[in-house]
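Before any comments, here is the structure.
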Protein chains: 2
Amino acid sequence: MNDVARLAGVSIKTVSRVVNDEPGVHEQTARQVLAAIESLGFRRNMGARNLRQGVTTATVGLLLEDVSNPFYSGLTRGVEEVARQFGRRVLSASSDEDPVQARELALDFCARRVDGLLIVPAGREQGYLAAEIRAGTPVVFIDRPGGDVTADTVLMDNVGGTMMAVAHLAGHGHRRIGFLGDDPEIFTAAERLRGFRRGCARAGIERGAEFAAMGPHDEHSIGSALRAMFDRSVTALIGGNNRITIGLLRVLAGMPERPALIGFDDFELADLLDPPVTVIAHDAKALGHAAAGRLFARIQGDDSPHRDLVLPARLVPRGSGEVAP
Amino acid sequence: MNDVARLAGVSIKTVSRVVNDEPGVHEQTARQVLAAIESLGFRRNMGARNLRQGVTTATVGLLLEDVSNPFYSGLTRGVEEVARQFGRRVLSASSDEDPVQARELALDFCARRVDGLLIVPAGREQGYLAAEIRAGTPVVFIDRPGGDVTADTVLMDNVGGTMMAVAHLAGHGHRRIGFLGDDPEIFTAAERLRGFRRGCARAGIERGAEFAAMGPHDEHSIGSALRAMFDRSVTALIGGNNRITIGLLRVLAGMPERPALIGFDDFELADLLDPPVTVIAHDAKALGHAAAGRLFARIQGDDSPHRDLVLPARLVPRGSGEVAP
DNA sequence: GGCTACGATGACAACGTTGTCAGGGACACG
DNA sequence: CGTGTCCCTGACAACGTTGTCATCGTAGCC
């Protein structure tokens with residue numbers, strides 16, 4: 001800016017005025033300044049501007065498990081869209097479900113003075129965020145609650161969705177149902193398991209005819225879980241998330257059994273498989289929209305009490321869940 | 001920092017020393033400072049630090065078409081991993097293939113003084129980047145060259161991949177092959193079309209027995225392109241990218257014809273479809289690794305001449321591409 | 001005792017901006 | 001001609017850090 005000022009033969013402040021479209025600059029002067037800016041390729045240093053003006057960095061932090069998982073990339077896209085509407089950029093990072101990394105990344109975001117933080121919590125404790133929240137950084141938890149920290153939260157209806165799946169299978173005559181879920185340390189996995197149990201109870205399925213195998217899962221563990229379930233005459237399966245459902249499909253492709261199947265999380269091509277896969281669907285992008293919406297409301301000063309938003313899940317029947325035992 | 005200094009009864013400089021683990025602070029003093037930091041929840045302002053220290057913001061900008069497309073989210077993940085190794089965060093944004101937005105986002109990244117820029121160019125002209133590059137911001141183009149701007153570039157072997165697909169189909173006896181590609185304004189689409197033509201020539205397929213329908217495509221346009229091709233007795237198809245291949249599969253599901261099919265871009269579940277889909281595969285994450293690798297080399301001062309890297313594509317035969325006419 | 005050496009600390013400037021306020025010239029009016 | 005007003009412009013401080021250099025006290029040495 002100094003260089004621009006020198007070249008244009010004006011003071012640095014006048015350059016600032018031109019850059020910011022402030023009124024009260026002679027048109028002739030402004031032209032000279034603009035010419036100087038052009039010829040020097042000057043670009044205002046946002047960092048310095050933020051420092052001077054105080055709070056905003058026009059950036060929000062998004063911390064999730066893994067961008068390359070379609071669920072999270074859809075979510076990211078949703079966040080990005082809302083952020084753009086509010087003139088913000090998104091700083092994103094994947095924690096790989098590792099609490100230590102998550103903590104480190106979140107604190108790094110704070111040190112960068114993001115305007116707000118969207119977090120898919122990894123692990124049970126987010127206590128390290130309490131100080132940041134007190135300091136005024138708005139935080140919204142996505143997909144899982146913050147545990148020991150209270151803040152706005154946007155969740156899926158995990159319990160309701162799984163109950164719906166069980167009811168659907170029971171409605172088609174299944175009485176022995178297996179659930180393959182993720183590590184129950186993960187909130188959504190525990191919730192879906194809860195939904196599974198409750199759904200079974202409500203459908204009048206006797207205890208002992210419901211089988212749950214919780215993860216973490218790879219194809220090998222899915223295979224052994226499946227064999228154990230088939231040994232006990234399970235006729236229908238529920239996949240606890242998109243990874244597991246796809247793993248299930250892959251393993252089942254090499255087995256003779258063709259149980260009914262419902263997956264939690266919709267996924268691309270589910271409708272083109274044979275049979276097409278019935279799923280409990282929810283909208284990752286909508287989740288991003290909702291969470292970012294809350295965050296920007298907070299950023300703009302909304303200080304109403306914390307709100308928990310639960311987005312609905314819906315059953316999409318496609319075939320695999322509508323077969324008789 | 002001021003507050004911390006006051007509370008600890010030391011000068012602001014001493015706090016700075018403690019925060020930066022500089023030597024020469026009495027242990028007792030350091031403890032007091034740390035206690036003050038803890039109790040005030042102080043976190044160093046990265047923006048101010050960057051301003052003072054000069055260049056780095058420990059951030060790179062990643063500009064792509066759409067994070068929610070699995071190809072790009074895989075790429076993003078690759079970039080993120082390398083960035084983390086180098087202690088950087090990733091600021092990402094989707095341009096939706098709109099040159100105006102792309103320009104705006106890229107310049108915004110520059111104004112934030114990112115350490116480097118990874119760009120999947122949208123549109124033909126990236127001239128606005130020339131000034132930034134001259135000013136010393138390293139830029140790496142991904143997936144498409146920069147057109148009027150020269151910088152490091154990391155590409156896929158689009159021509160070779162498509163030629164491979166044609167050769168594979170010809171090897172199975174196909175003489176009338178259709179190619180459904182994206183908008184030829186897009187570099188990769190044009191390259192793949194070129195590969196298709198060259199592959200046909202090399203396979204001795206007479207001109208007039210190769211049919212290309214370029215996009216942009218939706219299911220409707222794919223449908224009409226397909227009908228036109230079948231009218232001319234096409235027996236094999238190549239899908240020009242993951243979106244188009246999936247569109248093709250969806251449209252074909254409602255038609256009686258079962259042509260041979262090879263898709264450019266691998267996609268999840270391709271192996272579970274019936275028949276499993278043969279694809280030209282490449283590794284999006286590897287692309288991200290390679291591009292970020294180049295970028296950080298530049299950031300660390302590598303000023304060797306610009307380099308163009310072309311990552312190989314490979315044919316993954318799964319069934320759909322191995323059927324006779 | 002006077003000297004150096006060293007360890008611990010602080011004062012101050014600077015990074016690139018912008019907000020505040022004051023200065024200076026042109027012009028109109030009494 | 002003096003005065004007030006308006007428009008344009010610039011000097012200066014400040015944002016939160018860190019680099020440079022100076023200061024101070026104490027210990028060690030001759």
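Residues are referred to by chain and number: the chain letter is A, B, ... according to the order shown in the structure tokens, the number counts from 1 in that chain, and ligands are numbered separately from 1 in the order shown.
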
Hey, which bits of chain B sit within 12 Å of chain C, and for each residue what's the closest pair of atoms and how far apart in Å (one decimal), counting only C-alpha atoms (C1' of nucleotides), rows by chain and increasing number, as a Markdown table?
| residue | atom | partner | partner_atom | distance |
| --- | --- | --- | --- | --- |
| B:Ala5 | CA | C:DG10 | C1' | 11.6 |
| B:Gly9 | CA | C:DT9 | C1' | 11.6 |
| B:Val10 | CA | C:DT9 | C1' | 8.3 |
| B:Ser11 | CA | C:DG10 | C1' | 6.2 |
| B:Ile12 | CA | C:DG10 | C1' | 8.5 |
| B:Lys13 | CA | C:DG10 | C1' | 7.2 |
| B:Thr14 | CA | C:DT9 | C1' | 7.2 |
| B:Val15 | CA | C:DT9 | C1' | 10.9 |
| B:Ser16 | CA | C:DG10 | C1' | 12.0 |
| B:Arg17 | CA | C:DT9 | C1' | 10.6 |
| B:Pro23 | CA | C:DA8 | C1' | 10.2 |
| B:Gly24 | CA | C:DA8 | C1' | 6.5 |
| B:Val25 | CA | C:DA8 | C1' | 6.3 |
| B:His26 | CA | C:DA8 | C1' | 6.7 |
| B:Glu27 | CA | C:DA8 | C1' | 10.5 |
| B:Gln28 | CA | C:DA8 | C1' | 11.3 |
| B:Thr29 | CA | C:DA8 | C1' | 9.7 |
| B:Ala30 | CA | C:DA8 | C1' | 11.4 |
| B:Gly47 | CA | C:DC15 | C1' | 10.8 |
| B:Ala48 | CA | C:DC15 | C1' | 8.4 |
| B:Arg49 | CA | C:DC15 | C1' | 8.9 |
| B:Asn50 | CA | C:DC15 | C1' | 8.4 |
| B:Leu51 | CA | C:DC15 | C1' | 5.1 |
| B:Arg52 | CA | C:DC15 | C1' | 4.2 |
| B:Gln53 | CA | C:DC15 | C1' | 7.1 |
| B:Gly54 | CA | C:DC15 | C1' | 6.8 |
| B:Val55 | CA | C:DC15 | C1' | 10.0 |

Taking N, CA and C atoms for each residue, export the selection above as a PDB file, in the first residue's frame.
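Output file result.pdb is given in full below:
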ATOM      1  N   ALA B   5      -0.187 -10.489  30.508  1.00  0.00           N
ATOM      2  CA  ALA B   5       0.992  -9.840  31.088  1.00  0.00           C
ATOM      3  C   ALA B   5       0.631  -9.151  32.395  1.00  0.00           C
ATOM      4  N   GLY B   9       1.900 -10.158  36.010  1.00  0.00           N
ATOM      5  CA  GLY B   9       2.828  -9.173  36.543  1.00  0.00           C
ATOM      6  C   GLY B   9       4.142  -9.113  35.783  1.00  0.00           C
ATOM      7  N   VAL B  10       4.071  -9.350  34.503  1.00  0.00           N
ATOM      8  CA  VAL B  10       5.287  -9.273  33.685  1.00  0.00           C
ATOM      9  C   VAL B  10       4.999  -8.404  32.468  1.00  0.00           C
ATOM     10  N   SER B  11       6.005  -8.268  31.613  1.00  0.00           N
ATOM     11  CA  SER B  11       5.761  -7.480  30.408  1.00  0.00           C
ATOM     12  C   SER B  11       5.197  -8.384  29.317  1.00  0.00           C
ATOM     13  N   ILE B  12       4.586  -7.720  28.367  1.00  0.00           N
ATOM     14  CA  ILE B  12       3.978  -8.432  27.260  1.00  0.00           C
ATOM     15  C   ILE B  12       5.005  -9.252  26.486  1.00  0.00           C
ATOM     16  N   LYS B  13       6.224  -8.772  26.437  1.00  0.00           N
ATOM     17  CA  LYS B  13       7.277  -9.481  25.709  1.00  0.00           C
ATOM     18  C   LYS B  13       7.592 -10.816  26.365  1.00  0.00           C
ATOM     19  N   THR B  14       7.578 -10.817  27.674  1.00  0.00           N
ATOM     20  CA  THR B  14       7.847 -12.065  28.383  1.00  0.00           C
ATOM     21  C   THR B  14       6.770 -13.088  28.081  1.00  0.00           C
ATOM     22  N   VAL B  15       5.536 -12.621  28.023  1.00  0.00           N
ATOM     23  CA  VAL B  15       4.453 -13.531  27.654  1.00  0.00           C
ATOM     24  C   VAL B  15       4.749 -14.115  26.282  1.00  0.00           C
ATOM     25  N   SER B  16       5.126 -13.253  25.364  1.00  0.00           N
ATOM     26  CA  SER B  16       5.451 -13.708  24.024  1.00  0.00           C
ATOM     27  C   SER B  16       6.521 -14.787  24.078  1.00  0.00           C
ATOM     28  N   ARG B  17       7.515 -14.539  24.894  1.00  0.00           N
ATOM     29  CA  ARG B  17       8.588 -15.528  25.005  1.00  0.00           C
ATOM     30  C   ARG B  17       8.059 -16.870  25.471  1.00  0.00           C
ATOM     31  N   PRO B  23      13.959 -19.478  24.880  1.00  0.00           N
ATOM     32  CA  PRO B  23      14.773 -19.699  26.080  1.00  0.00           C
ATOM     33  C   PRO B  23      14.982 -18.375  26.815  1.00  0.00           C
ATOM     34  N   GLY B  24      15.487 -18.469  28.004  1.00  0.00           N
ATOM     35  CA  GLY B  24      15.832 -17.264  28.751  1.00  0.00           C
ATOM     36  C   GLY B  24      14.675 -16.683  29.535  1.00  0.00           C
ATOM     37  N   VAL B  25      13.761 -17.548  29.976  1.00  0.00           N
ATOM     38  CA  VAL B  25      12.710 -17.080  30.879  1.00  0.00           C
ATOM     39  C   VAL B  25      12.834 -17.901  32.159  1.00  0.00           C
ATOM     40  N   HIS B  26      12.861 -17.210  33.254  1.00  0.00           N
ATOM     41  CA  HIS B  26      12.960 -17.903  34.531  1.00  0.00           C
ATOM     42  C   HIS B  26      11.778 -18.852  34.671  1.00  0.00           C
ATOM     43  N   GLU B  27      12.067 -20.014  35.228  1.00  0.00           N
ATOM     44  CA  GLU B  27      11.047 -21.054  35.297  1.00  0.00           C
ATOM     45  C   GLU B  27       9.831 -20.597  36.102  1.00  0.00           C
ATOM     46  N   GLN B  28      10.128 -19.943  37.183  1.00  0.00           N
ATOM     47  CA  GLN B  28       9.075 -19.430  38.065  1.00  0.00           C
ATOM     48  C   GLN B  28       8.165 -18.473  37.281  1.00  0.00           C
ATOM     49  N   THR B  29       8.789 -17.545  36.581  1.00  0.00           N
ATOM     50  CA  THR B  29       8.044 -16.580  35.774  1.00  0.00           C
ATOM     51  C   THR B  29       7.181 -17.298  34.744  1.00  0.00           C
ATOM     52  N   ALA B  30       7.800 -18.251  34.079  1.00  0.00           N
ATOM     53  CA  ALA B  30       7.086 -18.991  33.048  1.00  0.00           C
ATOM     54  C   ALA B  30       5.832 -19.634  33.634  1.00  0.00           C
ATOM     55  N   GLY B  47      -3.266 -14.236  13.216  1.00  0.00           N
ATOM     56  CA  GLY B  47      -3.265 -13.174  12.208  1.00  0.00           C
ATOM     57  C   GLY B  47      -2.189 -12.143  12.498  1.00  0.00           C
ATOM     58  N   ALA B  48      -2.148 -11.717  13.748  1.00  0.00           N
ATOM     59  CA  ALA B  48      -1.169 -10.719  14.135  1.00  0.00           C
ATOM     60  C   ALA B  48       0.243 -11.274  13.998  1.00  0.00           C
ATOM     61  N   ARG B  49       0.374 -12.525  14.374  1.00  0.00           N
ATOM     62  CA  ARG B  49       1.681 -13.166  14.281  1.00  0.00           C
ATOM     63  C   ARG B  49       2.159 -13.176  12.831  1.00  0.00           C
ATOM     64  N   ASN B  50       1.261 -13.602  11.937  1.00  0.00           N
ATOM     65  CA  ASN B  50       1.623 -13.629  10.527  1.00  0.00           C
ATOM     66  C   ASN B  50       2.019 -12.246  10.039  1.00  0.00           C
ATOM     67  N   LEU B  51       1.258 -11.275  10.455  1.00  0.00           N
ATOM     68  CA  LEU B  51       1.514  -9.911  10.025  1.00  0.00           C
ATOM     69  C   LEU B  51       2.927  -9.504  10.423  1.00  0.00           C
ATOM     70  N   ARG B  52       3.232  -9.775  11.676  1.00  0.00           N
ATOM     71  CA  ARG B  52       4.534  -9.381  12.186  1.00  0.00           C
ATOM     72  C   ARG B  52       5.661 -10.155  11.502  1.00  0.00           C
ATOM     73  N   GLN B  53       5.476 -11.449  11.403  1.00  0.00           N
ATOM     74  CA  GLN B  53       6.586 -12.278  10.937  1.00  0.00           C
ATOM     75  C   GLN B  53       6.774 -12.231   9.428  1.00  0.00           C
ATOM     76  N   GLY B  54       5.803 -11.675   8.742  1.00  0.00           N
ATOM     77  CA  GLY B  54       5.989 -11.571   7.305  1.00  0.00           C
ATOM     78  C   GLY B  54       5.054 -12.483   6.543  1.00  0.00           C
ATOM     79  N   VAL B  55       5.626 -13.447   5.871  1.00  0.00           N
ATOM     80  CA  VAL B  55       4.896 -14.121   4.819  1.00  0.00           C
ATOM     81  C   VAL B  55       3.770 -15.076   5.213  1.00  0.00           C
TER      82      VAL B  55
END

Taking the chain letters and numbering used in this document, name the residues of segment 151-306 of chain B that DSSP puts in strand (DSSP E or B), as an NGL selection string. :B and (152-156 or 177-181 or 210-214 or 236-239 or 260-264 or 278-281)

Report, in Å to a single decimal, how far apart atom CA of Ala313 of chain A and atom CA of Ala225 of chain A are. 26.3 Å

Within 12 Å of chain B: residues of chain D, using only C-alpha atoms (C1' of nucleotides), as a list in words: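 Taking only C-alpha atoms (C1' of nucleotides) into account, DC15, DG16, DT17, DT18 and DG19 of chain D sit within 12 Å of chain B.
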
Near chain B, meaning an atom within 8 Å, which residues of chain A appear when counting only C-alpha atoms? Write them as an MDAnalysis selection string. chainID A and resid 41 43:48 50:51 66:70 73:74 76:77 80 89:94 110:113 131:132 135 246 249:250 253 269 272:274

What would the file look like if the residues just selected were written as a compact mmCIF listing (two decimals), in the first residue's frame with C-alpha atoms?
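And here's again_28.txt as it stands now:
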# COMPACT_ATOMS: atom_id res chain seq x y z
CA GLY A 41 -0.64 -5.78 -8.73
CA ARG A 43 -3.96 -6.74 -3.24
CA ARG A 44 -5.07 -5.67 0.18
CA ASN A 45 -3.72 -7.80 3.00
CA MET A 46 -6.79 -9.25 4.64
CA GLY A 47 -4.85 -10.31 7.70
CA ALA A 48 -3.82 -6.78 8.51
CA ASN A 50 -8.80 -8.07 10.20
CA LEU A 51 -6.27 -7.17 12.82
CA ASP A 66 -13.16 -37.53 6.61
CA VAL A 67 -13.98 -35.28 3.66
CA SER A 68 -13.65 -38.13 1.25
CA ASN A 69 -16.63 -39.92 2.78
CA PRO A 70 -19.60 -38.88 0.61
CA SER A 73 -18.42 -34.16 1.44
CA GLY A 74 -22.13 -33.52 0.94
CA THR A 76 -19.16 -29.77 3.39
CA ARG A 77 -20.84 -28.63 0.24
CA GLU A 80 -19.85 -23.97 1.79
CA ARG A 89 -14.80 -19.05 3.34
CA VAL A 90 -14.54 -22.50 4.87
CA LEU A 91 -11.44 -23.90 6.47
CA SER A 92 -11.93 -27.64 6.66
CA ALA A 93 -10.02 -30.53 8.15
CA SER A 94 -10.47 -34.24 8.73
CA CYS A 110 -9.47 -20.85 17.11
CA ALA A 111 -5.95 -19.45 17.01
CA ARG A 112 -6.72 -18.35 13.48
CA ARG A 113 -9.71 -16.52 14.89
CA ALA A 131 -12.96 -21.69 26.95
CA GLU A 132 -13.40 -20.77 23.31
CA ALA A 135 -14.57 -16.27 24.73
CA ILE A 246 -21.56 -51.37 1.29
CA LEU A 249 -23.26 -55.93 0.03
CA ARG A 250 -19.75 -56.88 -0.94
CA ALA A 253 -22.14 -61.05 -3.02
CA LEU A 269 -26.21 -46.27 -7.04
CA LEU A 272 -29.10 -49.57 -9.54
CA LEU A 273 -27.99 -52.59 -7.56
CA ASP A 274 -29.74 -55.92 -7.82

Can you tell me, as an mmCIF file with N, CA, C and O atoms, in the first residue's frame, which residues in segment 145-222 of chain B count as helix (DSSP H, G or I) by DSSP?
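This went into out03.cif:
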data_model
loop_
_atom_site.group_PDB
_atom_site.id
_atom_site.type_symbol
_atom_site.label_atom_id
_atom_site.label_comp_id
_atom_site.auth_asym_id
_atom_site.auth_seq_id
_atom_site.Cartn_x
_atom_site.Cartn_y
_atom_site.Cartn_z
ATOM 1 N N ASN B 158 -5.588 -38.476 -19.803
ATOM 2 C CA ASN B 158 -6.926 -38.576 -20.386
ATOM 3 C C ASN B 158 -6.919 -39.251 -21.749
ATOM 4 O O ASN B 158 -7.733 -40.131 -22.030
ATOM 5 N N VAL B 159 -5.982 -38.826 -22.577
ATOM 6 C CA VAL B 159 -5.922 -39.393 -23.924
ATOM 7 C C VAL B 159 -5.583 -40.880 -23.861
ATOM 8 O O VAL B 159 -6.298 -41.728 -24.421
ATOM 9 N N GLY B 160 -4.521 -41.188 -23.137
ATOM 10 C CA GLY B 160 -4.101 -42.582 -23.033
ATOM 11 C C GLY B 160 -5.190 -43.468 -22.447
ATOM 12 O O GLY B 160 -5.421 -44.583 -22.912
ATOM 13 N N GLY B 161 -5.860 -42.959 -21.427
ATOM 14 C CA GLY B 161 -6.911 -43.744 -20.790
ATOM 15 C C GLY B 161 -8.037 -44.080 -21.759
ATOM 16 O O GLY B 161 -8.496 -45.222 -21.838
ATOM 17 N N THR B 162 -8.460 -43.070 -22.480
ATOM 18 C CA THR B 162 -9.573 -43.314 -23.403
ATOM 19 C C THR B 162 -9.141 -44.238 -24.541
ATOM 20 O O THR B 162 -9.911 -45.098 -24.978
ATOM 21 N N MET B 163 -7.910 -44.046 -25.004
ATOM 22 C CA MET B 163 -7.411 -44.942 -26.052
ATOM 23 C C MET B 163 -7.427 -46.383 -25.572
ATOM 24 O O MET B 163 -7.806 -47.297 -26.300
ATOM 25 N N MET B 164 -7.023 -46.550 -24.333
ATOM 26 C CA MET B 164 -7.029 -47.884 -23.742
ATOM 27 C C MET B 164 -8.439 -48.478 -23.760
ATOM 28 O O MET B 164 -8.637 -49.660 -24.072
ATOM 29 N N ALA B 165 -9.388 -47.641 -23.428
ATOM 30 C CA ALA B 165 -10.780 -48.118 -23.400
ATOM 31 C C ALA B 165 -11.215 -48.565 -24.795
ATOM 32 O O ALA B 165 -11.799 -49.643 -24.965
ATOM 33 N N VAL B 166 -10.904 -47.742 -25.788
ATOM 34 C CA VAL B 166 -11.299 -48.096 -27.155
ATOM 35 C C VAL B 166 -10.618 -49.396 -27.578
ATOM 36 O O VAL B 166 -11.256 -50.312 -28.119
ATOM 37 N N ALA B 167 -9.317 -49.471 -27.293
ATOM 38 C CA ALA B 167 -8.583 -50.679 -27.685
ATOM 39 C C ALA B 167 -9.190 -51.916 -27.036
ATOM 40 O O ALA B 167 -9.328 -52.970 -27.665
ATOM 41 N N HIS B 168 -9.573 -51.755 -25.783
ATOM 42 C CA HIS B 168 -10.146 -52.887 -25.054
ATOM 43 C C HIS B 168 -11.449 -53.345 -25.712
ATOM 44 O O HIS B 168 -11.668 -54.541 -25.922
ATOM 45 N N LEU B 169 -12.281 -52.393 -26.049
ATOM 46 C CA LEU B 169 -13.561 -52.729 -26.677
ATOM 47 C C LEU B 169 -13.313 -53.340 -28.060
ATOM 48 O O LEU B 169 -13.931 -54.357 -28.424
ATOM 49 N N ALA B 170 -12.415 -52.723 -28.800
ATOM 50 C CA ALA B 170 -12.109 -53.257 -30.136
ATOM 51 C C ALA B 170 -11.571 -54.678 -30.019
ATOM 52 O O ALA B 170 -11.909 -55.558 -30.829
ATOM 53 N N GLY B 171 -10.770 -54.902 -28.996
ATOM 54 C CA GLY B 171 -10.226 -56.229 -28.777
ATOM 55 C C GLY B 171 -11.295 -57.267 -28.519
ATOM 56 O O GLY B 171 -11.090 -58.467 -28.730
ATOM 57 N N PHE B 187 -11.377 -29.018 -20.454
ATOM 58 C CA PHE B 187 -10.157 -29.625 -20.972
ATOM 59 C C PHE B 187 -10.204 -31.144 -20.980
ATOM 60 O O PHE B 187 -9.930 -31.795 -21.978
ATOM 61 N N THR B 188 -10.559 -31.714 -19.836
ATOM 62 C CA THR B 188 -10.524 -33.177 -19.744
ATOM 63 C C THR B 188 -11.491 -33.812 -20.735
ATOM 64 O O THR B 188 -11.203 -34.857 -21.305
ATOM 65 N N ALA B 189 -12.634 -33.161 -20.925
ATOM 66 C CA ALA B 189 -13.612 -33.706 -21.873
ATOM 67 C C ALA B 189 -13.044 -33.677 -23.284
ATOM 68 O O ALA B 189 -13.158 -34.652 -24.040
ATOM 69 N N ALA B 190 -12.414 -32.581 -23.648
ATOM 70 C CA ALA B 190 -11.836 -32.465 -24.993
ATOM 71 C C ALA B 190 -10.724 -33.490 -25.175
ATOM 72 O O ALA B 190 -10.624 -34.140 -26.227
ATOM 73 N N GLU B 191 -9.900 -33.643 -24.140
ATOM 74 C CA GLU B 191 -8.804 -34.606 -24.232
ATOM 75 C C GLU B 191 -9.320 -36.026 -24.400
ATOM 76 O O GLU B 191 -8.792 -36.808 -25.185
ATOM 77 N N ARG B 192 -10.352 -36.332 -23.643
ATOM 78 C CA ARG B 192 -10.868 -37.703 -23.728
ATOM 79 C C ARG B 192 -11.486 -37.955 -25.090
ATOM 80 O O ARG B 192 -11.387 -39.055 -25.639
ATOM 81 N N LEU B 193 -12.120 -36.934 -25.625
ATOM 82 C CA LEU B 193 -12.666 -37.061 -26.974
ATOM 83 C C LEU B 193 -11.527 -37.320 -27.963
ATOM 84 O O LEU B 193 -11.622 -38.180 -28.849
ATOM 85 N N ARG B 194 -10.452 -36.570 -27.787
ATOM 86 C CA ARG B 194 -9.285 -36.763 -28.643
ATOM 87 C C ARG B 194 -8.769 -38.202 -28.523
ATOM 88 O O ARG B 194 -8.473 -38.850 -29.538
ATOM 89 N N GLY B 195 -8.692 -38.680 -27.293
ATOM 90 C CA GLY B 195 -8.240 -40.050 -27.070
ATOM 91 C C GLY B 195 -9.180 -41.046 -27.740
ATOM 92 O O GLY B 195 -8.743 -42.048 -28.308
ATOM 93 N N PHE B 196 -10.451 -40.738 -27.660
ATOM 94 C CA PHE B 196 -11.446 -41.621 -28.285
ATOM 95 C C PHE B 196 -11.213 -41.697 -29.785
ATOM 96 O O PHE B 196 -11.118 -42.779 -30.372
ATOM 97 N N ARG B 197 -11.057 -40.538 -30.415
ATOM 98 C CA ARG B 197 -10.850 -40.495 -31.865
ATOM 99 C C ARG B 197 -9.563 -41.220 -32.242
ATOM 100 O O ARG B 197 -9.535 -42.025 -33.163
ATOM 101 N N ARG B 198 -8.516 -40.893 -31.486
ATOM 102 C CA ARG B 198 -7.238 -41.497 -31.833
ATOM 103 C C ARG B 198 -7.280 -43.008 -31.629
ATOM 104 O O ARG B 198 -6.741 -43.781 -32.420
ATOM 105 N N GLY B 199 -7.958 -43.400 -30.541
ATOM 106 C CA GLY B 199 -8.078 -44.839 -30.270
ATOM 107 C C GLY B 199 -8.819 -45.547 -31.397
ATOM 108 O O GLY B 199 -8.444 -46.644 -31.819
ATOM 109 N N CYS B 200 -9.873 -44.916 -31.879
ATOM 110 C CA CYS B 200 -10.652 -45.517 -32.963
ATOM 111 C C CYS B 200 -9.779 -45.652 -34.207
ATOM 112 O O CYS B 200 -9.767 -46.700 -34.871
ATOM 113 N N ALA B 201 -9.039 -44.570 -34.496
ATOM 114 C CA ALA B 201 -8.174 -44.611 -35.679
ATOM 115 C C ALA B 201 -7.173 -45.755 -35.545
ATOM 116 O O ALA B 201 -6.997 -46.568 -36.453
ATOM 117 N N ARG B 202 -6.565 -45.828 -34.382
ATOM 118 C CA ARG B 202 -5.539 -46.854 -34.200
ATOM 119 C C ARG B 202 -6.127 -48.264 -34.284
ATOM 120 O O ARG B 202 -5.464 -49.203 -34.703
ATOM 121 N N GLU B 219 -29.861 -36.693 -17.675
ATOM 122 C CA GLU B 219 -30.373 -38.011 -18.072
ATOM 123 C C GLU B 219 -31.163 -37.938 -19.376
ATOM 124 O O GLU B 219 -31.134 -38.852 -20.199
ATOM 125 N N HIS B 220 -31.829 -36.826 -19.541
ATOM 126 C CA HIS B 220 -32.621 -36.676 -20.758
ATOM 127 C C HIS B 220 -31.725 -36.676 -21.990
ATOM 128 O O HIS B 220 -31.961 -37.417 -22.954
ATOM 129 N N SER B 221 -30.678 -35.860 -21.960
ATOM 130 C CA SER B 221 -29.806 -35.775 -23.145
ATOM 131 C C SER B 221 -29.060 -37.086 -23.351
ATOM 132 O O SER B 221 -28.796 -37.489 -24.483
ATOM 133 N N ILE B 222 -28.755 -37.755 -22.266
ATOM 134 C CA ILE B 222 -28.104 -39.059 -22.405
ATOM 135 C C ILE B 222 -29.052 -40.025 -23.104
ATOM 136 O O ILE B 222 -28.663 -40.775 -24.007
#

Report, in Å with one decimal, the straight-line distance from atom CA of Asp183 of chain A to atom CA of Asn241 of chain A. 11.0 Å
